[in-house]
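Student: What follows is query08.cif; its format and atoms are mmCIF, C-alpha atoms.
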```
data_upload
#
loop_
_atom_site.group_PDB
_atom_site.id
_atom_site.type_symbol
_atom_site.label_atom_id
_atom_site.label_comp_id
_atom_site.auth_asym_id
_atom_site.auth_seq_id
_atom_site.Cartn_x
_atom_site.Cartn_y
_atom_site.Cartn_z
ATOM 1 C CA MET A 1 -20.861 -16.207 34.350
ATOM 2 C CA PHE A 2 -19.732 -16.471 37.964
ATOM 3 C CA HIS A 3 -20.439 -12.789 38.604
ATOM 4 C CA TRP A 4 -23.813 -13.109 36.901
ATOM 5 C CA TYR A 5 -24.734 -15.946 39.294
ATOM 6 C CA ARG A 6 -23.266 -14.003 42.226
ATOM 7 C CA ASN A 7 -25.716 -11.163 41.488
ATOM 8 C CA ALA A 8 -28.704 -13.485 41.116
ATOM 9 C CA ALA A 9 -31.344 -13.263 43.824
ATOM 10 C CA LYS A 10 -31.978 -16.982 43.548
ATOM 11 C CA CYS A 11 -30.792 -19.882 41.384
ATOM 12 C CA TYR A 12 -33.139 -22.743 40.574
ATOM 13 C CA VAL A 13 -31.712 -26.171 39.809
ATOM 14 C CA TYR A 14 -33.840 -28.652 37.888
ATOM 15 C CA LEU A 15 -32.572 -32.192 38.433
ATOM 16 C CA SER A 16 -34.011 -34.099 35.494
ATOM 17 C CA ASP A 17 -32.646 -37.392 36.814
ATOM 18 C CA VAL A 18 -34.207 -37.160 40.306
ATOM 19 C CA LEU A 19 -37.765 -38.294 41.050
ATOM 20 C CA THR A 20 -39.420 -37.915 44.442
ATOM 21 C CA THR A 21 -41.711 -40.911 44.071
ATOM 22 C CA LYS A 22 -39.233 -43.787 43.941
ATOM 23 C CA ARG A 23 -37.129 -45.136 46.786
ATOM 24 C CA LYS A 24 -34.284 -47.469 46.051
ATOM 25 C CA ALA A 25 -34.723 -50.646 48.068
ATOM 26 C CA SER A 26 -30.945 -50.785 48.325
ATOM 27 C CA ASP A 27 -30.853 -47.632 50.470
ATOM 28 C CA PRO A 28 -33.580 -47.753 53.131
ATOM 29 C CA SER A 29 -31.457 -45.517 55.383
ATOM 30 C CA SER A 30 -32.061 -42.421 53.238
ATOM 31 C CA LYS A 31 -34.046 -39.756 55.016
ATOM 32 C CA PHE A 32 -35.795 -38.856 51.753
ATOM 33 C CA PRO A 33 -37.011 -41.300 49.090
ATOM 34 C CA TRP A 34 -35.171 -39.273 46.440
ATOM 35 C CA GLU A 35 -31.856 -38.883 48.284
ATOM 36 C CA THR A 36 -30.039 -41.742 46.544
ATOM 37 C CA ALA A 37 -30.907 -40.308 43.125
ATOM 38 C CA PHE A 38 -29.947 -36.815 44.337
ATOM 39 C CA ARG A 39 -26.503 -38.055 45.379
ATOM 40 C CA VAL A 40 -25.761 -39.475 41.927
ATOM 41 C CA SER A 41 -27.415 -36.725 39.885
ATOM 42 C CA ARG A 42 -25.517 -35.723 36.743
ATOM 43 C CA TRP A 43 -25.848 -32.071 37.794
ATOM 44 C CA PHE A 44 -23.134 -32.557 40.429
ATOM 45 C CA LYS A 45 -20.748 -33.911 37.782
ATOM 46 C CA ARG A 46 -21.192 -31.164 35.171
ATOM 47 C CA GLY A 47 -18.382 -28.630 35.097
ATOM 48 C CA TRP A 48 -20.147 -25.315 34.797
ATOM 49 C CA THR A 49 -22.689 -26.109 37.513
ATOM 50 C CA LEU A 50 -19.930 -25.539 40.076
ATOM 51 C CA GLN A 51 -20.479 -21.807 39.563
ATOM 52 C CA GLU A 52 -24.250 -22.213 39.899
ATOM 53 C CA LEU A 53 -23.694 -23.915 43.240
ATOM 54 C CA LEU A 54 -21.131 -21.551 44.763
ATOM 55 C CA ALA A 55 -21.850 -18.077 43.409
ATOM 56 C CA PRO A 56 -25.479 -17.352 44.382
ATOM 57 C CA ASP A 57 -26.555 -16.965 47.988
ATOM 58 C CA SER A 58 -29.727 -18.933 47.349
ATOM 59 C CA VAL A 59 -29.887 -22.165 45.336
ATOM 60 C CA GLU A 60 -33.077 -24.248 45.312
ATOM 61 C CA PHE A 61 -33.243 -27.809 43.987
ATOM 62 C CA PHE A 62 -36.248 -29.297 42.201
ATOM 63 C CA SER A 63 -36.933 -32.843 41.015
ATOM 64 C CA ARG A 64 -38.058 -34.013 37.594
ATOM 65 C CA ASP A 65 -41.607 -34.130 38.943
ATOM 66 C CA HIS A 66 -41.287 -30.435 39.943
ATOM 67 C CA LYS A 67 -41.103 -31.025 43.708
ATOM 68 C CA ARG A 68 -38.892 -28.771 45.786
ATOM 69 C CA LEU A 69 -36.179 -30.893 47.383
ATOM 70 C CA GLY A 70 -34.590 -28.140 49.448
ATOM 71 C CA ASP A 71 -31.921 -25.513 49.073
ATOM 72 C CA LYS A 72 -28.175 -25.447 49.484
ATOM 73 C CA ARG A 73 -28.607 -24.670 53.197
ATOM 74 C CA THR A 74 -31.049 -27.491 54.008
ATOM 75 C CA LEU A 75 -29.151 -29.941 51.770
ATOM 76 C CA GLU A 76 -25.725 -28.721 52.843
ATOM 77 C CA ARG A 77 -24.598 -32.023 54.366
ATOM 78 C CA GLN A 78 -25.543 -34.016 51.283
ATOM 79 C CA ILE A 79 -23.987 -31.467 48.912
ATOM 80 C CA HIS A 80 -20.760 -31.459 50.930
ATOM 81 C CA GLU A 81 -20.625 -35.264 50.876
ATOM 82 C CA ILE A 82 -21.286 -35.355 47.113
ATOM 83 C CA THR A 83 -18.943 -32.554 46.051
ATOM 84 C CA LYS A 84 -16.364 -32.467 48.885
ATOM 85 C CA ILE A 85 -16.822 -28.686 48.967
ATOM 86 C CA ALA A 86 -16.345 -27.337 52.484
ATOM 87 C CA ALA A 87 -19.571 -26.308 54.203
ATOM 88 C CA PRO A 88 -18.328 -22.726 54.815
ATOM 89 C CA ALA A 89 -17.876 -22.289 51.042
ATOM 90 C CA LEU A 90 -21.460 -23.437 50.510
ATOM 91 C CA GLN A 91 -22.558 -21.000 53.228
ATOM 92 C CA GLY A 92 -21.028 -18.016 51.448
ATOM 93 C CA THR A 93 -17.595 -17.626 53.016
ATOM 94 C CA PRO A 94 -15.481 -15.697 50.479
ATOM 95 C CA LEU A 95 -13.814 -18.232 48.219
ATOM 96 C CA SER A 96 -10.482 -16.440 48.610
ATOM 97 C CA GLN A 97 -10.451 -17.849 52.158
ATOM 98 C CA PHE A 98 -9.888 -21.339 50.734
ATOM 99 C CA GLY A 99 -6.546 -22.572 49.469
ATOM 100 C CA VAL A 100 -5.743 -22.774 45.778
ATOM 101 C CA GLU A 101 -5.456 -26.558 45.763
ATOM 102 C CA GLU A 102 -8.704 -26.963 47.679
ATOM 103 C CA ARG A 103 -10.559 -24.841 45.138
ATOM 104 C CA PHE A 104 -8.961 -26.798 42.296
ATOM 105 C CA SER A 105 -10.204 -30.010 43.916
ATOM 106 C CA TRP A 106 -13.825 -28.836 43.680
ATOM 107 C CA ALA A 107 -13.599 -29.144 39.894
ATOM 108 C CA GLU A 108 -11.550 -32.344 39.805
ATOM 109 C CA ASN A 109 -14.253 -34.884 38.970
ATOM 110 C CA ARG A 110 -16.455 -32.609 36.898
ATOM 111 C CA GLN A 111 -17.119 -33.323 33.252
ATOM 112 C CA THR A 112 -17.015 -30.749 30.471
ATOM 113 C CA MET A 113 -17.608 -30.835 26.729
ATOM 114 C CA HIS A 114 -14.301 -29.106 25.985
ATOM 115 C CA LYS A 115 -11.120 -30.078 27.801
ATOM 116 C CA GLU A 116 -10.213 -26.418 28.340
ATOM 117 C CA ASP A 117 -13.462 -25.809 30.208
ATOM 118 C CA LYS A 118 -12.059 -27.700 33.201
ATOM 119 C CA ALA A 119 -9.778 -24.683 33.700
ATOM 120 C CA TYR A 120 -12.195 -22.022 32.463
ATOM 121 C CA LEU A 121 -14.946 -23.002 34.904
ATOM 122 C CA LEU A 122 -12.610 -21.998 37.726
ATOM 123 C CA LEU A 123 -12.069 -18.396 36.586
ATOM 124 C CA GLY A 124 -14.806 -16.977 38.804
ATOM 125 C CA ILE A 125 -13.851 -19.279 41.678
ATOM 126 C CA PHE A 126 -10.418 -17.584 41.661
ATOM 127 C CA ASP A 127 -11.732 -14.158 40.621
ATOM 128 C CA VAL A 128 -9.317 -13.964 37.697
ATOM 129 C CA TYR A 129 -9.778 -13.060 34.066
ATOM 130 C CA MET A 130 -8.136 -14.635 31.067
ATOM 131 C CA PRO A 131 -9.303 -15.029 27.490
ATOM 132 C CA LEU A 132 -10.849 -18.354 26.541
ATOM 133 C CA ILE A 133 -8.854 -20.027 23.783
ATOM 134 C CA TYR A 134 -10.658 -23.148 22.658
ATOM 135 C CA GLY A 135 -8.257 -25.571 21.054
ATOM 136 C CA GLU A 136 -5.359 -24.703 23.377
ATOM 137 C CA GLY A 137 -5.784 -27.952 25.306
ATOM 138 C CA GLU A 138 -6.340 -28.667 28.974
ATOM 139 C CA ASP A 139 -2.677 -28.429 29.994
ATOM 140 C CA ASN A 140 -2.172 -25.000 28.401
ATOM 141 C CA ALA A 141 -5.435 -23.714 29.872
ATOM 142 C CA PHE A 142 -4.391 -24.818 33.366
ATOM 143 C CA THR A 143 -0.923 -23.319 32.912
ATOM 144 C CA ARG A 144 -2.468 -19.965 31.993
ATOM 145 C CA LEU A 145 -4.932 -20.239 34.879
ATOM 146 C CA ARG A 146 -2.111 -20.863 37.359
ATOM 147 C CA GLU A 147 -0.229 -17.850 35.950
ATOM 148 C CA ALA A 148 -3.351 -15.677 36.301
ATOM 149 C CA ILE A 149 -3.788 -16.841 39.899
ATOM 150 C CA ASP A 150 -0.099 -16.239 40.715
ATOM 151 C CA LYS A 151 0.097 -12.820 39.008
ATOM 152 C CA PRO A 152 -1.477 -10.830 41.895
ATOM 153 C CA LEU A 153 0.696 -12.738 44.377
ATOM 154 C CA LYS A 154 3.898 -11.822 42.478
ATOM 155 C CA GLY A 155 2.835 -8.168 42.417
ATOM 156 C CA GLU A 156 2.563 -8.117 46.225
ATOM 157 C CA HIS A 157 6.162 -9.254 46.689
ATOM 158 C CA GLN A 158 7.762 -6.559 44.527
#
```
Rewrite the coordinates I just gave you, this time as structure tokens.
Tutor:
Amino acid sequence: MFHWYRNAAKCYVYLSDVLTTKRKASDPSSKFPWETAFRVSRWFKRGWTLQELLAPDSVEFFSRDHKRLGDKRTLERQIHEITKIAAPALQGTPLSQFGVEERFSWAENRQTMHKEDKAYLLLGIFDVYMPLIYGEGEDNAFTRLREAIDKPLKGEHQ
């Protein structure tokens, strides 16, 4: 999926839990009335949306009431604060320029339906291939992912 998103001209994100018409009284400092809801949107917690955020050059965000909120460039600061993903990664710097542990951290607090998906959603982030084996468990999936990441490195040292 990562490569599919990478080849997309534009990715549209529909945030069903963000409305533009309501401002939380508890956060009058927000620049936009919808910013508080944007910051806690479920979309930023879902596992597979990490690929939707990082792979395409252009990502546009829309609210439940179909208003354009901005794109990953204009909302870069907020997205960085929400996800802890470095701004250069959001700007399109090749992901290989970021350390392994940093890239792992981008998926840390994301939720998936299957435990193994926490590892599988990172395949494109690391540009590695491995078969998906549902039922193998999260630990085994991460072990295989680490081996797939390390395999090219071991080949360079021989």
Student: Where does the PyMOL selection byres ((chain A and resi 54) around 10) land in this file, that is, which residues does it pick, as a list in words?
Tutor: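 Those residues are Phe2, Tyr5, Arg6, Thr49, Leu50, Gln51, Glu52, Leu53, Ala55, Pro56, Asp57, Ser58, Val59, Lys72, Ile85, Ala89, Leu90, Gln91, Gly92, Thr93, Pro94, Leu95, Gly124 and Ile125 of chain A.
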Student: Using Å and a single decimal, report how far CA of Glu116 in chain A sits from CA of Ile133 in chain A.
Tutor: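 Pair CA of Ile133 in chain A / CA of Glu116 in chain A returns 8.0 Å.
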Student: For Val128 in chain A, work out the shell of residues within 12 Å, counting all atoms listed in the file and skipping chain neighbours fewer than 5 positions away, then give it as a list of chain:residue names.
Tutor: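 Near neighbours after the sequence-gap exclusion: A:Phe2, A:His3, A:Ser96, A:Ala119, A:Tyr120, A:Leu121, A:Leu122, A:Leu123, A:Arg144, A:Leu145, A:Arg146, A:Glu147, A:Ala148, A:Ile149, A:Asp150, A:Lys151, A:Pro152.
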Student: Since we have the selection now, will you write its residues out, keeping C-alpha atoms, as an mmCIF file, in the frame of the given file?
Tutor:
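This is the output file out_5.cif:
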```cif
data_model
loop_
_atom_site.group_PDB
_atom_site.id
_atom_site.type_symbol
_atom_site.label_atom_id
_atom_site.label_comp_id
_atom_site.auth_asym_id
_atom_site.auth_seq_id
_atom_site.Cartn_x
_atom_site.Cartn_y
_atom_site.Cartn_z
ATOM 1 C CA PHE A 2 -19.732 -16.471 37.964
ATOM 2 C CA HIS A 3 -20.439 -12.789 38.604
ATOM 3 C CA SER A 96 -10.482 -16.440 48.610
ATOM 4 C CA ALA A 119 -9.778 -24.683 33.700
ATOM 5 C CA TYR A 120 -12.195 -22.022 32.463
ATOM 6 C CA LEU A 121 -14.946 -23.002 34.904
ATOM 7 C CA LEU A 122 -12.610 -21.998 37.726
ATOM 8 C CA LEU A 123 -12.069 -18.396 36.586
ATOM 9 C CA ARG A 144 -2.468 -19.965 31.993
ATOM 10 C CA LEU A 145 -4.932 -20.239 34.879
ATOM 11 C CA ARG A 146 -2.111 -20.863 37.359
ATOM 12 C CA GLU A 147 -0.229 -17.850 35.950
ATOM 13 C CA ALA A 148 -3.351 -15.677 36.301
ATOM 14 C CA ILE A 149 -3.788 -16.841 39.899
ATOM 15 C CA ASP A 150 -0.099 -16.239 40.715
ATOM 16 C CA LYS A 151 0.097 -12.820 39.008
ATOM 17 C CA PRO A 152 -1.477 -10.830 41.895
#
```
Student: If you count all atoms listed in the file, which residues fall within 8 Å of Tyr12 in chain A, apart from same-chain ones fewer than 4 positions away, as a PyMOL selection string?
Tutor: chain A and resi 59-62
Student: Which one is closest to Asp65 in chain A: A:Phe98, A:Trp4, A:Trp34, A:Trp106? Count only C-alpha atoms.
Tutor: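 Closest to Asp65 in chain A of all the choices is A:Trp34.
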Student: Any chance you could build range 54-82 of chain A out to N, CA and C atoms and write it as a PDB file, in the coordinates of the input?
Tutor:
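Result file follows (out29.pdb):
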```pdb
ATOM      1  N   LEU A  54     -21.897 -22.386  43.834  1.00  0.00           N
ATOM      2  CA  LEU A  54     -21.131 -21.551  44.763  1.00  0.00           C
ATOM      3  C   LEU A  54     -21.444 -20.056  44.708  1.00  0.00           C
ATOM      4  N   ALA A  55     -21.726 -19.532  43.542  1.00  0.00           N
ATOM      5  CA  ALA A  55     -21.850 -18.077  43.409  1.00  0.00           C
ATOM      6  C   ALA A  55     -23.098 -17.483  44.067  1.00  0.00           C
ATOM      7  N   PRO A  56     -24.289 -18.001  43.797  1.00  0.00           N
ATOM      8  CA  PRO A  56     -25.479 -17.352  44.382  1.00  0.00           C
ATOM      9  C   PRO A  56     -25.630 -17.652  45.867  1.00  0.00           C
ATOM     10  N   ASP A  57     -26.258 -16.725  46.573  1.00  0.00           N
ATOM     11  CA  ASP A  57     -26.555 -16.965  47.988  1.00  0.00           C
ATOM     12  C   ASP A  57     -27.631 -18.026  48.147  1.00  0.00           C
ATOM     13  N   SER A  58     -28.588 -18.021  47.241  1.00  0.00           N
ATOM     14  CA  SER A  58     -29.727 -18.933  47.349  1.00  0.00           C
ATOM     15  C   SER A  58     -29.788 -19.855  46.131  1.00  0.00           C
ATOM     16  N   VAL A  59     -29.765 -21.148  46.395  1.00  0.00           N
ATOM     17  CA  VAL A  59     -29.887 -22.165  45.336  1.00  0.00           C
ATOM     18  C   VAL A  59     -30.946 -23.153  45.794  1.00  0.00           C
ATOM     19  N   GLU A  60     -31.996 -23.314  44.990  1.00  0.00           N
ATOM     20  CA  GLU A  60     -33.077 -24.248  45.312  1.00  0.00           C
ATOM     21  C   GLU A  60     -33.077 -25.393  44.306  1.00  0.00           C
ATOM     22  N   PHE A  61     -33.270 -26.603  44.815  1.00  0.00           N
ATOM     23  CA  PHE A  61     -33.243 -27.809  43.987  1.00  0.00           C
ATOM     24  C   PHE A  61     -34.653 -28.361  43.798  1.00  0.00           C
ATOM     25  N   PHE A  62     -34.947 -28.737  42.558  1.00  0.00           N
ATOM     26  CA  PHE A  62     -36.248 -29.297  42.201  1.00  0.00           C
ATOM     27  C   PHE A  62     -36.060 -30.604  41.447  1.00  0.00           C
ATOM     28  N   SER A  63     -36.980 -31.538  41.667  1.00  0.00           N
ATOM     29  CA  SER A  63     -36.933 -32.843  41.015  1.00  0.00           C
ATOM     30  C   SER A  63     -37.580 -32.796  39.635  1.00  0.00           C
ATOM     31  N   ARG A  64     -37.445 -33.897  38.914  1.00  0.00           N
ATOM     32  CA  ARG A  64     -38.058 -34.013  37.594  1.00  0.00           C
ATOM     33  C   ARG A  64     -39.567 -33.858  37.660  1.00  0.00           C
ATOM     34  N   ASP A  65     -40.158 -34.276  38.784  1.00  0.00           N
ATOM     35  CA  ASP A  65     -41.607 -34.130  38.943  1.00  0.00           C
ATOM     36  C   ASP A  65     -41.970 -32.807  39.633  1.00  0.00           C
ATOM     37  N   HIS A  66     -41.056 -31.827  39.526  1.00  0.00           N
ATOM     38  CA  HIS A  66     -41.287 -30.435  39.943  1.00  0.00           C
ATOM     39  C   HIS A  66     -41.514 -30.253  41.443  1.00  0.00           C
ATOM     40  N   LYS A  67     -41.002 -31.149  42.246  1.00  0.00           N
ATOM     41  CA  LYS A  67     -41.103 -31.025  43.708  1.00  0.00           C
ATOM     42  C   LYS A  67     -39.839 -30.348  44.237  1.00  0.00           C
ATOM     43  N   ARG A  68     -40.039 -29.430  45.152  1.00  0.00           N
ATOM     44  CA  ARG A  68     -38.892 -28.771  45.786  1.00  0.00           C
ATOM     45  C   ARG A  68     -38.234 -29.756  46.738  1.00  0.00           C
ATOM     46  N   LEU A  69     -36.932 -29.964  46.544  1.00  0.00           N
ATOM     47  CA  LEU A  69     -36.179 -30.893  47.383  1.00  0.00           C
ATOM     48  C   LEU A  69     -35.546 -30.184  48.573  1.00  0.00           C
ATOM     49  N   GLY A  70     -35.253 -28.924  48.409  1.00  0.00           N
ATOM     50  CA  GLY A  70     -34.590 -28.140  49.448  1.00  0.00           C
ATOM     51  C   GLY A  70     -33.688 -27.117  48.797  1.00  0.00           C
ATOM     52  N   ASP A  71     -32.868 -26.492  49.606  1.00  0.00           N
ATOM     53  CA  ASP A  71     -31.921 -25.513  49.073  1.00  0.00           C
ATOM     54  C   ASP A  71     -30.516 -25.869  49.543  1.00  0.00           C
ATOM     55  N   LYS A  72     -29.552 -25.059  49.145  1.00  0.00           N
ATOM     56  CA  LYS A  72     -28.175 -25.447  49.484  1.00  0.00           C
ATOM     57  C   LYS A  72     -27.904 -25.357  50.982  1.00  0.00           C
ATOM     58  N   ARG A  73     -28.751 -24.689  51.728  1.00  0.00           N
ATOM     59  CA  ARG A  73     -28.607 -24.670  53.197  1.00  0.00           C
ATOM     60  C   ARG A  73     -29.181 -25.961  53.798  1.00  0.00           C
ATOM     61  N   THR A  74     -30.414 -26.309  53.412  1.00  0.00           N
ATOM     62  CA  THR A  74     -31.049 -27.491  54.008  1.00  0.00           C
ATOM     63  C   THR A  74     -30.424 -28.793  53.510  1.00  0.00           C
ATOM     64  N   LEU A  75     -29.790 -28.746  52.342  1.00  0.00           N
ATOM     65  CA  LEU A  75     -29.151 -29.941  51.770  1.00  0.00           C
ATOM     66  C   LEU A  75     -27.628 -29.858  51.872  1.00  0.00           C
ATOM     67  N   GLU A  76     -27.161 -28.982  52.727  1.00  0.00           N
ATOM     68  CA  GLU A  76     -25.725 -28.721  52.843  1.00  0.00           C
ATOM     69  C   GLU A  76     -24.906 -29.982  53.111  1.00  0.00           C
ATOM     70  N   ARG A  77     -25.350 -30.802  54.032  1.00  0.00           N
ATOM     71  CA  ARG A  77     -24.598 -32.023  54.366  1.00  0.00           C
ATOM     72  C   ARG A  77     -24.466 -32.927  53.143  1.00  0.00           C
ATOM     73  N   GLN A  78     -25.573 -33.157  52.454  1.00  0.00           N
ATOM     74  CA  GLN A  78     -25.543 -34.016  51.283  1.00  0.00           C
ATOM     75  C   GLN A  78     -24.654 -33.417  50.184  1.00  0.00           C
ATOM     76  N   ILE A  79     -24.790 -32.120  49.955  1.00  0.00           N
ATOM     77  CA  ILE A  79     -23.987 -31.467  48.912  1.00  0.00           C
ATOM     78  C   ILE A  79     -22.511 -31.558  49.250  1.00  0.00           C
ATOM     79  N   HIS A  80     -22.159 -31.329  50.507  1.00  0.00           N
ATOM     80  CA  HIS A  80     -20.760 -31.459  50.930  1.00  0.00           C
ATOM     81  C   HIS A  80     -20.253 -32.879  50.684  1.00  0.00           C
ATOM     82  N   GLU A  81     -21.045 -33.870  51.063  1.00  0.00           N
ATOM     83  CA  GLU A  81     -20.625 -35.264  50.876  1.00  0.00           C
ATOM     84  C   GLU A  81     -20.477 -35.618  49.395  1.00  0.00           C
ATOM     85  N   ILE A  82     -21.327 -35.070  48.552  1.00  0.00           N
ATOM     86  CA  ILE A  82     -21.286 -35.355  47.113  1.00  0.00           C
ATOM     87  C   ILE A  82     -20.097 -34.658  46.454  1.00  0.00           C
TER      88      ILE A  82
END
```
